[in-house]
Each structure stands twice: as structure tokens, then as C-alpha cells.
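J.: TSV, C-alpha atoms and all ligand atoms, file protein.tsv:
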```tsv
chain	number	residue	atom	x	y	z
A	2	MET	CA	-25.00	22.86	3.45
A	3	PHE	CA	-23.62	19.63	2.00
A	4	ALA	CA	-21.22	21.58	-0.24
A	5	PHE	CA	-20.03	23.63	2.74
A	6	THR	CA	-19.35	20.49	4.84
A	7	LYS	CA	-17.49	18.98	1.91
A	8	TYR	CA	-15.40	22.17	1.56
A	9	ILE	CA	-14.48	22.09	5.25
A	10	MET	CA	-13.50	18.41	4.91
A	11	TYR	CA	-11.35	19.37	1.91
A	12	LEU	CA	-9.57	22.08	3.92
A	13	VAL	CA	-9.01	19.71	6.84
A	14	CYS	CA	-7.53	17.13	4.46
A	15	LEU	CA	-5.29	19.76	2.89
A	16	VAL	CA	-3.89	20.73	6.28
A	17	ILE	CA	-3.38	17.14	7.41
A	18	ASN	CA	-2.03	16.08	4.03
A	19	MET	CA	0.90	18.40	4.56
A	20	ASN	CA	2.30	15.74	6.87
A	21	PHE	CA	1.87	12.96	4.35
A	22	LEU	CA	4.98	13.05	2.23
A	23	LEU	CA	4.88	9.78	0.36
A	24	ASP	CA	2.66	7.42	-1.57
A	25	THR	CA	4.15	4.01	-2.33
A	26	HIS	CA	1.32	1.90	-3.72
A	27	THR	CA	0.51	3.23	-7.20
A	28	HIS	CA	0.01	1.71	-10.66
A	29	THR	CA	0.67	2.96	-14.19
A	30	ILE	CA	-0.43	1.74	-17.63
A	31	ALA	CA	2.07	-1.12	-17.25
A	32	SER	CA	-0.34	-2.79	-14.81
A	33	GLY	CA	-2.88	-3.30	-17.61
A	34	HIS	CA	-5.90	-1.82	-15.80
A	35	ALA	CA	-4.42	1.55	-14.79
A	36	TYR	CA	-4.38	4.61	-16.98
A	37	SER	CA	-1.44	6.99	-16.45
A	38	THR	CA	2.23	7.01	-17.37
A	39	ILE	CA	5.11	7.29	-14.89
A	40	THR	CA	5.66	10.90	-16.04
A	41	GLU	CA	2.04	11.77	-15.30
A	42	MET	CA	2.27	10.09	-11.88
A	43	VAL	CA	5.45	12.02	-11.00
A	44	ASN	CA	3.83	15.31	-12.08
A	45	ALA	CA	0.82	14.52	-9.91
A	46	ALA	CA	3.05	13.70	-6.93
A	47	LYS	CA	4.79	17.06	-7.39
A	48	GLU	CA	1.46	18.91	-7.56
A	49	LYS	CA	0.27	17.18	-4.38
A	50	GLY	CA	3.43	18.24	-2.53
A	51	LEU	CA	4.78	14.71	-2.00
A	52	ARG	CA	8.50	14.15	-1.59
A	53	LEU	CA	8.57	10.47	-2.52
A	54	LEU	CA	6.58	8.40	-5.00
A	55	GLY	CA	6.68	4.61	-5.18
A	56	ILE	CA	5.44	2.86	-8.31
A	57	SER	CA	4.31	-0.69	-7.59
A	58	GLU	CA	2.97	-2.41	-10.70
A	59	HIS	CA	0.99	-5.61	-10.35
A	60	ALA	CA	3.16	-8.71	-10.63
A	61	PRO	CA	2.72	-11.07	-13.63
A	62	ALA	CA	-0.07	-13.34	-12.28
A	63	MET	CA	-2.50	-10.41	-12.45
A	64	PRO	CA	-4.17	-10.71	-15.88
A	65	GLY	CA	-2.93	-8.02	-18.27
A	66	SER	CA	-0.01	-6.84	-16.13
A	67	CYS	CA	3.62	-6.59	-17.19
A	68	LYS	CA	6.06	-9.50	-17.26
A	69	GLU	CA	9.11	-9.90	-15.01
A	70	ILE	CA	11.39	-8.41	-17.67
A	71	TYR	CA	9.64	-5.06	-17.20
A	72	PHE	CA	11.03	-4.85	-13.67
A	73	SER	CA	14.60	-5.61	-14.77
A	74	ASN	CA	15.20	-2.36	-16.70
A	75	LEU	CA	13.93	0.25	-14.23
A	76	ASN	CA	17.43	1.61	-13.69
A	77	VAL	CA	16.80	3.75	-16.80
A	78	PHE	CA	15.20	6.16	-14.31
A	79	SER	CA	17.06	8.56	-12.07
A	80	ASP	CA	16.48	8.33	-8.32
A	81	LYS	CA	14.94	11.78	-8.37
A	82	ILE	CA	12.75	13.40	-11.02
A	83	LYS	CA	11.50	16.96	-10.57
A	84	ASP	CA	12.64	16.80	-6.94
A	85	ILE	CA	10.45	13.77	-6.29
A	86	GLN	CA	12.33	10.77	-4.95
A	87	LEU	CA	11.25	7.86	-7.13
A	88	LEU	CA	11.19	4.27	-5.87
A	89	PHE	CA	10.18	1.15	-7.75
A	90	GLY	CA	8.49	-1.68	-5.98
A	91	ILE	CA	6.03	-4.37	-6.99
A	92	GLU	CA	2.64	-5.55	-5.80
A	93	THR	CA	3.06	-9.30	-5.74
A	94	ASN	CA	0.19	-11.77	-5.76
A	95	VAL	CA	-0.02	-14.34	-3.00
A	96	LEU	CA	-0.84	-17.55	-4.84
A	97	ASP	CA	-1.67	-20.00	-2.03
A	98	TYR	CA	-2.14	-20.33	1.72
A	99	LYS	CA	1.55	-21.19	2.12
A	100	GLY	CA	2.39	-17.64	1.07
A	101	ASN	CA	4.01	-18.41	-2.27
A	102	ILE	CA	4.18	-15.41	-4.62
A	103	ASP	CA	4.45	-14.88	-8.36
A	104	VAL	CA	7.87	-13.22	-8.64
A	105	SER	CA	11.39	-14.59	-8.51
A	106	MET	CA	13.90	-13.69	-5.79
A	107	LYS	CA	16.13	-12.26	-8.53
A	108	THR	CA	13.51	-9.73	-9.66
A	109	LEU	CA	12.53	-8.83	-6.11
A	110	SER	CA	16.13	-8.30	-5.04
A	111	GLY	CA	16.52	-5.62	-7.73
A	112	LEU	CA	13.55	-3.55	-6.51
A	113	ASN	CA	13.25	-1.05	-3.69
A	114	TYR	CA	10.39	-2.83	-1.91
A	115	GLY	CA	7.76	-5.52	-2.19
A	116	ILE	CA	4.04	-5.44	-1.38
A	117	ALA	CA	2.10	-8.70	-1.03
A	118	SER	CA	-1.66	-8.76	-1.61
A	119	LEU	CA	-4.52	-11.19	-2.02
A	120	HIS	CA	-6.40	-10.65	-5.30
A	121	THR	CA	-9.39	-12.61	-6.55
A	122	PRO	CA	-7.92	-13.46	-10.00
A	123	CYS	CA	-4.89	-15.04	-8.26
A	124	ILE	CA	-6.10	-16.75	-5.07
A	125	THR	CA	-9.50	-18.12	-4.12
A	126	PRO	CA	-10.71	-16.69	-0.81
A	127	GLY	CA	-10.20	-19.30	1.89
A	128	SER	CA	-11.31	-19.70	5.47
A	129	ARG	CA	-10.16	-17.19	8.09
A	130	GLN	CA	-7.43	-19.63	9.05
A	131	GLU	CA	-6.30	-20.18	5.45
A	132	ASN	CA	-6.15	-16.46	4.55
A	133	THR	CA	-4.31	-15.71	7.78
A	134	SER	CA	-1.85	-18.49	7.00
A	135	ALA	CA	-1.22	-16.95	3.55
A	136	TYR	CA	-0.39	-13.59	5.15
A	137	LEU	CA	1.72	-14.95	8.01
A	138	HIS	CA	3.83	-16.98	5.60
A	139	VAL	CA	4.38	-14.26	3.02
A	140	MET	CA	5.47	-11.85	5.77
A	141	GLU	CA	8.46	-14.14	6.39
A	142	HIS	CA	9.62	-13.48	2.80
A	143	PRO	CA	12.85	-11.46	2.85
A	144	TYR	CA	11.71	-9.03	0.14
A	145	ILE	CA	8.14	-8.40	1.29
A	146	HIS	CA	7.95	-5.12	3.21
A	147	VAL	CA	4.24	-4.29	3.10
A	148	ILE	CA	0.92	-6.16	3.22
A	149	GLY	CA	-1.43	-4.50	0.72
A	150	HIS	CA	-5.07	-3.84	1.66
A	151	PRO	CA	-5.56	-6.43	4.45
A	152	ASP	CA	-9.08	-5.08	4.78
A	153	ASP	CA	-11.42	-7.15	2.64
A	154	SER	CA	-14.11	-9.30	4.25
A	155	ARG	CA	-14.07	-11.48	1.15
A	156	TYR	CA	-10.73	-12.63	2.67
A	157	PRO	CA	-11.47	-12.79	6.41
A	158	VAL	CA	-8.34	-12.60	8.56
A	159	ASP	CA	-7.31	-12.98	12.19
A	160	TYR	CA	-6.10	-9.42	12.88
A	161	LYS	CA	-4.53	-10.30	16.19
A	162	ALA	CA	-2.25	-12.83	14.47
A	163	LEU	CA	-1.58	-10.42	11.58
A	164	VAL	CA	-0.51	-7.54	13.84
A	165	LYS	CA	1.64	-9.84	15.99
A	166	GLN	CA	3.42	-11.12	12.87
A	167	ALA	CA	3.86	-7.56	11.54
A	168	LYS	CA	5.65	-6.70	14.76
A	169	GLU	CA	7.88	-9.75	14.60
A	170	THR	CA	8.75	-9.59	10.88
A	171	LYS	CA	8.90	-5.75	10.65
A	172	VAL	CA	6.39	-5.74	7.80
A	173	LEU	CA	4.21	-2.65	7.42
A	174	LEU	CA	0.45	-3.09	7.31
A	175	GLU	CA	-1.23	-0.87	4.75
A	176	VAL	CA	-4.26	1.35	5.15
A	177	ASN	CA	-5.51	1.53	1.58
A	178	ASN	CA	-7.45	4.66	0.61
A	179	THR	CA	-9.07	2.99	-2.41
A	180	SER	CA	-10.51	0.25	-0.18
A	181	LEU	CA	-12.15	2.95	1.96
A	182	SER	CA	-13.68	4.76	-1.00
A	183	PRO	CA	-17.47	4.48	-1.29
A	184	ASN	CA	-16.92	2.91	-4.76
A	185	SER	CA	-14.65	0.18	-3.45
A	186	PHE	CA	-15.27	-3.41	-4.47
A	187	ARG	CA	-13.49	-4.61	-1.32
A	188	ALA	CA	-15.89	-5.48	1.48
A	189	ASN	CA	-16.21	-3.90	4.93
A	190	ALA	CA	-12.81	-2.18	4.87
A	191	ARG	CA	-13.73	0.51	7.38
A	192	GLU	CA	-14.79	-1.90	10.11
A	193	ASN	CA	-11.85	-4.22	9.43
A	194	TYR	CA	-9.40	-1.32	9.63
A	195	LYS	CA	-10.89	-0.17	12.91
A	196	GLU	CA	-10.12	-3.58	14.39
A	197	MET	CA	-6.63	-3.76	12.85
A	198	LEU	CA	-5.67	-0.19	13.77
A	199	SER	CA	-6.80	-0.54	17.34
A	200	LEU	CA	-4.47	-3.56	17.69
A	201	CYS	CA	-1.63	-1.65	15.94
A	202	ALA	CA	-2.02	1.25	18.39
A	203	THR	CA	-1.96	-1.09	21.39
A	204	GLU	CA	0.98	-3.14	20.10
A	205	ASN	CA	2.93	-0.13	18.80
A	206	VAL	CA	2.99	-1.47	15.23
A	207	PRO	CA	3.57	1.09	12.45
A	208	ILE	CA	1.29	1.34	9.41
A	209	ILE	CA	1.56	2.90	5.97
A	210	VAL	CA	-1.21	4.79	4.20
A	211	ASN	CA	-1.33	4.33	0.43
A	212	SER	CA	-3.59	5.61	-2.32
A	213	ASP	CA	-3.44	2.49	-4.56
A	214	ALA	CA	-3.85	5.03	-7.38
A	215	HIS	CA	-4.67	3.57	-10.78
A	216	ILE	CA	-4.72	7.04	-12.37
A	217	SER	CA	-2.59	10.13	-11.76
A	218	PHE	CA	-5.44	12.14	-10.20
A	219	ASP	CA	-5.46	9.72	-7.26
A	220	VAL	CA	-1.75	9.98	-6.41
A	221	GLY	CA	-1.50	11.22	-2.82
A	222	ASN	CA	-5.23	10.84	-2.30
A	223	PHE	CA	-5.53	9.76	1.33
A	224	GLU	CA	-8.87	11.40	2.04
A	225	TYR	CA	-10.80	8.42	3.45
A	226	ALA	CA	-7.82	6.94	5.27
A	227	ILE	CA	-7.04	10.24	6.99
A	228	SER	CA	-10.65	10.67	8.01
A	229	LEU	CA	-10.62	7.21	9.63
A	230	LEU	CA	-7.27	7.74	11.36
A	231	LYS	CA	-8.55	11.03	12.78
A	232	GLU	CA	-11.80	9.46	13.89
A	233	ILE	CA	-10.05	6.79	15.95
A	234	ASP	CA	-7.27	9.14	17.05
A	235	PHE	CA	-4.54	6.85	15.69
A	236	PRO	CA	-1.05	7.91	16.88
A	237	THR	CA	0.75	9.94	14.18
A	238	SER	CA	4.05	8.51	15.40
A	239	LEU	CA	2.99	5.11	14.00
A	240	ILE	CA	2.24	6.43	10.48
A	241	ALA	CA	5.15	5.82	8.09
A	242	ASN	CA	4.05	8.55	5.65
A	243	THR	CA	5.00	11.48	7.83
A	244	SER	CA	8.74	11.33	7.14
A	245	VAL	CA	10.71	10.01	4.17
A	246	GLU	CA	13.57	9.06	6.47
A	247	THR	CA	11.23	7.12	8.78
A	248	TYR	CA	9.68	5.27	5.87
A	249	LEU	CA	13.07	4.36	4.37
A	250	SER	CA	14.37	3.16	7.72
A	251	LEU	CA	11.23	1.08	8.28
A	252	ILE	CA	11.54	-0.76	4.97
A	253	LYS	CA	15.28	-1.12	5.48
A	254	GLN	CA	14.69	-3.07	8.68
A	255	LYS	CA	13.56	-5.96	6.52
A	256	SER	CA	16.18	-5.96	3.77
B	301	ZN	ZN	-4.95	-2.92	-9.65
B	302	ZN	ZN	-4.02	-4.79	-4.77
```
If you convert what's in this file into C-alpha cells, what do you get?

T.:
Amino acid sequence: MFAFTKYIMYLVCLVINMNFLLDTHTHTIASGHAYSTITEMVNAAKEKGLRLLGISEHAPAMPGSCKEIYFSNLNVFSDKIKDIQLLFGIETNVLDYKGNIDVSMKTLSGLNYGIASLHTPCITPGSRQENTSAYLHVMEHPYIHVIGHPDDSRYPVDYKALVKQAKETKVLLEVNNTSLSPNSFRANARENYKEMLSLCATENVPIIVNSDAHISFDVGNFEYAISLLKEIDFPTSLIANTSVETYLSLIKQKS
């Protein structure tokens, strides 16, 4: 019975996944705690039927990740490999409650997009007010287009303020599939996303679903995020993954 239910879920995800054409929060071996190469990630994106793949290595303050120089030579890649449009971004670390990050303007300006996230090795969880302040400030940054996994009760946040700022600064709020996985080390993501997504739906604020893959098998894996979005009947028109053109125009609004 359990296997049958799981099979039906798999089929449902397959059908819905057809509308999800891009995954823009992924990591390769360059991040130091991820396990696939760019070639393997592109092959996986192709197999999953994606049209666009974004690689977003952890920025240098994450222990074991690549240095800034890594990001300066990415023009060795073509824009398209095996028919997959390839973008290079970065997952920056917010370092303090003023929203300072660990990458220079010069490096950021050479990349396609920037994600900003709170990570325990790089910022101590603060009060709700302090964490919210970190997010609100970093969203003002000209090269930050996405807030990564704003879903972790270890970093409590005022979602009303976050969604309002997303609307004003045109920053996309991420729904992170890895956070929603039963193995996630992030706390209470499902409940936090329910609150955030309900505000996004009311305020007409777009979101982006990302796998946060640290291995090729997870590229384009949106299983838990899709299940949640379906459950709360979140408007498809506010999901940036359903059209490459929509996604590119959304991140362009900022830069
Ligand atoms: Zn990571
Ligand atoms: Zn992260």
C-alpha cells in the first residue's frame, strides 16, 4: 500500500515537474561539501528535462569552499551546454545583522545572480529582530537577487517584514526543497514556509523553488516543495520556475 502511494506521488511529481524548467541553487565539488562536477550536474539537468541550470557555489566564508578567484574565470564555459542554459551565481554568506556579505562587488558584478543565506558557520543566530534586520539589509544589495532558505527556526524571522521587503526590492524568496526533506538539519521549514507563502500569495510576491542540490542526483528535485505548494494551492503564476523568460526577467529587475 505504502509503495503504491509512493508511486502515485512520483507520477504526480513527474507531471507537475514538467512545468518546472529551472533549478538555480546547486553546488558542485568546488563548494567543498558537495560531490559532483559541473559536467555531472549539467547531465542531470538534461535528464530531468530542465532548460536552465544555475550553479551557485558557497562563497569563501563557508569553510572548505572556493576562493573568490574561482568565480573570476567562469567565462571558460559556454552559455549553453547540451541545450541546457547555464548560469553562474553564488550563494553568499550574510556575516552580520547589518547584512554585510563575504564577496566583493567586483566578483558579484561578474556573475549572473546572487543568493544570500544565513549559515551557522558564518553568522550566529540572533533574535527575531536581528535575523530580520540581516535579511532586510542584504536585500538592498544591488547584486542579491534571491534569499536562500529563509525557513529555519534556528534563525527566527518576521515573515511579514521579509515579504514586504521582497516586494519593494524585487528579491525572490526561495522555497528550498532540501530544507523540506525529512533529513533536513534546518528546523521547522514546513510551518515557516506555510506562513511565508500565505503572505506571498496575498501580497502577490513571486517565489523561486530550488533543490539546493549538493549531488547531481538531486538536481531538479522539487518533490517536497511541490507537495507543499499543491497542499496550500499556491498560485502557479507566482512561481519563477515555470518559465525561463519569466525567471530571467525577474532577476533582471534587480540588476
Ligand atoms: Zn552547502
Ligand atoms: Zn545555504

J.: What is the CA of Gly50 in chain A-CA of Ile85 in chain A distance in Å, reported with one decimal?

T.: 9.1 Å

J.: Using Å and a single decimal, report how far CA of Ala62 in chain A sits from CA of Leu96 in chain A.

T.: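 About the pair CA of Leu96 in chain A and CA of Ala62 in chain A: they are 8.6 Å apart.
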
J.: Step by step, measure atom-to-atom distances between ligand ZN 301 (chain B) and each residue using only C-alpha atoms and all ligand atoms, keep those at most 7 Å, then write them as an mmCIF file with C-alpha atoms, in the frame of the given file.

T.:
```cif
data_model
loop_
_atom_site.group_PDB
_atom_site.id
_atom_site.type_symbol
_atom_site.label_atom_id
_atom_site.label_comp_id
_atom_site.auth_asym_id
_atom_site.auth_seq_id
_atom_site.Cartn_x
_atom_site.Cartn_y
_atom_site.Cartn_z
ATOM 1 C CA HIS A 28 0.010 1.710 -10.660
ATOM 2 C CA SER A 32 -0.340 -2.790 -14.810
ATOM 3 C CA HIS A 34 -5.900 -1.820 -15.800
ATOM 4 C CA ALA A 35 -4.420 1.550 -14.790
ATOM 5 C CA HIS A 59 0.990 -5.610 -10.350
ATOM 6 C CA HIS A 215 -4.670 3.570 -10.780
#
```

J.: Could you list, as a count of residues only, all protein and nucleic acid residues with an atom at most 9 Å from ligand ZN 302 (chain B), counting only C-alpha atoms and all ligand atoms?

T.: 13

J.: Calculate how many Å separate CA of Pro236 in chain A from CA of Asn211 in chain A, rounding to one decimal.

T.: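 Distance between the two atoms: 16.8 Å.
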
J.: Could you name the residues that touch Ala45 in chain A at 8 Å or less, counting only C-alpha atoms, but leaving out those on the same chain fewer than 2 positions away, as a list of chain:residue names?

T.: A:Glu41, A:Met42, A:Val43, A:Lys47, A:Glu48, A:Lys49, A:Ser217, A:Phe218, A:Val220

J.: Which residue out of A:Ile102, A:Leu229, A:Val210, A:Ile82 has the minimum interatomic distance to Thr243 in chain A when all atoms listed in the file are used?

T.: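 Selected residue with least distance to Thr243 in chain A: A:Val210.
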
J.: Which residue gives the smallest distance to Glu58 in chain A among A:Ile91, A:Asn113, A:Gln86, A:Asp80, with only C-alpha atoms counted?

T.: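 Of A:Ile91, A:Asn113, A:Gln86, A:Asp80, the one nearest Glu58 in chain A is A:Ile91, counting only C-alpha atoms.
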
J.: Using all atoms listed in the file, pick whichever of A:Leu200, A:Met63, A:Ile30, A:Ala190 has the shortest atom-to-atom distance to Lys168 in chain A.

T.: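 Closest to Lys168 in chain A, using all atoms listed in the file: A:Leu200.
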
J.: Hey, which of A:Leu198, A:Ile145, A:Val172, A:Ile216 ends up closest to Thr40 in chain A? Count only C-alpha atoms.

T.: A:Ile216

J.: Skip Gln254 in chain A itself and residues of its chain fewer than 5 positions away, then list as a list in words all residues within 10 Å of it, counting only C-alpha atoms.

T.: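 Selected residues are His146, Thr170, Lys171, Val172 and Leu249 of chain A.
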
J.: Residues near Ser110 in chain A, anyone? I mean within 10 Å using all atoms listed in the file, not counting same-chain ones fewer than 5 positions away, as an mmCIF file with C-alpha atoms, keeping the file's coordinate frame.

T.:
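out07.cif, freshly written:
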```
data_model
loop_
_atom_site.group_PDB
_atom_site.id
_atom_site.type_symbol
_atom_site.label_atom_id
_atom_site.label_comp_id
_atom_site.auth_asym_id
_atom_site.auth_seq_id
_atom_site.Cartn_x
_atom_site.Cartn_y
_atom_site.Cartn_z
ATOM 1 C CA SER A 105 11.390 -14.590 -8.510
ATOM 2 C CA GLY A 115 7.760 -5.520 -2.190
ATOM 3 C CA PRO A 143 12.850 -11.460 2.850
ATOM 4 C CA TYR A 144 11.710 -9.030 0.140
ATOM 5 C CA SER A 256 16.180 -5.960 3.770
#
```

J.: Hey, can you pull every residue with an atom no more than 9 Å from (1.3, -19.1, 2.9), using all atoms listed in the file, and send it as a list in words?

T.: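 Residues with an atom at most 9 Å from (1.3, -19.1, 2.9): Val95, Leu96, Asp97, Tyr98, Lys99, Gly100, Asn101, Ile102, Glu131, Asn132, Thr133, Ser134, Ala135, Tyr136, Leu137, His138, Val139 and Met140 of chain A.
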
J.: Pick out the closest residue to Thr121 in chain A from this set: A:Leu75, A:Asp84, A:Tyr156, A:Lys253. Count all atoms listed in the file.

T.: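 Looking only at the distances to Thr121 in chain A, the closest residue turns out to be A:Tyr156.
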
J.: Given only C-alpha atoms as the basis, pick out the residue of A:Arg52, A:Arg129, A:Lys81, A:Lys107 nearest to Leu163 in chain A.

T.: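 Checking each of A:Arg52, A:Arg129, A:Lys81, A:Lys107 against Leu163 in chain A, counting only C-alpha atoms, the winner is A:Arg129.
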